[in-house]
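A short worksheet on the structure shown next.
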Amino acid sequence: MNMNEKTETLMTVIERLNSLLTDENQNLVDRKVAAVGEIVDEKDKLCKAFELLVRGLVKDGANIHEVEGDLRDELHAMGSHLKDLVDDNISSLKSAIGANERLMNAVRNAAIQCTPKAGNYTQSGNLSAGSRIDEKSPSPVTVNQVL
């Protein structure tokens with residue numbers, strides 16, 4: 001395979017990655033989590049193919065001058081667009097992960113507040129933090145160790 005063919009193959013992978021990242025970014029904006037999950041496998045395969053193709057081109061770096069000028073310019077433009085999409089994807093994923101973490105922390109804190117606790121009095125006669133007067137303390141549990 002000559003350098004022009006390798007470059008065209010890389011451009012095909014970049015084109016598909018661009019399309020996939022555009023879809024994923026839109027799904028993240030629209031909060032379509034299931035659609036994002038469906039994209040992950042194909043995105044992983046395309047990223048691995050991209051990496052292998054780039055390594056092959058770098059390995060044959062001495063022959064890079066064999067690539068036609070127009071093809072090289074088109075590859076550069078596509079790579080630049082891919083970088084922009086990857087940056088947007090990183091930002092969108094960080095936002096989605098942060099929102100999910102905040103939601104899970106709120107659920108966890110609500111569960112802690114709703115869990116009955118035995119009340120203890122401090123030395124000053126106040127209830128310890130998290131204790132409630134009207135709550136029933138949890139039932140003690142024992143384990144029968146005789147088998």
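All residue names refer to the structure tokens as shown: chains lettered A, B, ... in order, residues numbered from 1 in each chain, ligands numbered from 1 in order.
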Practice problem: Enumerate the residues of segment 23-131 of chain A with a DSSP assignment of helix (DSSP H, G or I), computed from the backbone, and present them as a VMD selection string. | Solution: chain A and resid 23 to 29 33 to 59 61 to 66 69 to 114
Quiz item: Can you list, as a PyMOL selection string, every protein, DNA or RNA residue that comes within 8 Å of Leu53 of chain A when you count only C-alpha atoms, leaving out same-chain residues fewer than 6 positions away?
Solution: chain A and resi 6+9-10
Quiz item: From the set A:Lys59, A:Arg72, A:Lys45, A:Arg102, which residue has the shortest atom-to-atom contact distance to Arg16 of chain A, counting only C-alpha atoms?
Solution: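 Of A:Lys59, A:Arg72, A:Lys45, A:Arg102, the one nearest Arg16 of chain A is A:Lys45, counting only C-alpha atoms.
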Quiz item: By how many Å are atom CA of Ile64 of chain A and atom CA of Val13 of chain A apart?
Solution: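 About the pair atom CA of Ile64 of chain A and atom CA of Val13 of chain A: they are 18.6 Å apart.
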Exercise. Write out as a PyMOL selection string each polymer residue whose atoms come within 9 Å of Leu75 of chain A, counting only C-alpha atoms; drop sequence neighbours fewer than 2 positions from it.
Key: chain A and resi 7-8+10-11+14+70-73+77-80
Quiz prompt | One-decimal distance in Å that lies between atom CA of Met3 of chain A and atom CA of Gly56 of chain A | solution = 9.7 Å
Quiz item: Please, what distance in Å, to one decimal, runs between atom CA of Leu103 of chain A and atom CA of Ile90 of chain A?
Solution: 20.0 Å
Quiz item: Which is closest to Asp44 of chain A among A:Leu20, A:Leu82, A:Ala99, A:Val29, if we use only C-alpha atoms?
Solution: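 Among the listed residues, the smallest separation from Asp44 of chain A belongs to A:Leu20.
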Quiz prompt | Residue among A:Cys47, A:Leu93, A:Val58, A:Val67 lying closest to Asn27 of chain A, counting only C-alpha atoms | solution =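 Of the candidates, the smallest distance to Asn27 of chain A is held by A:Leu93.
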Self-check item: Residue nearest Asp88 of chain A - candidates A:Gln123, A:Ser19, A:Gln26, A:Asn100, atoms counted: only C-alpha atoms
Solution: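 Answer, going by the shortest atom-to-atom distance: A:Gln26.
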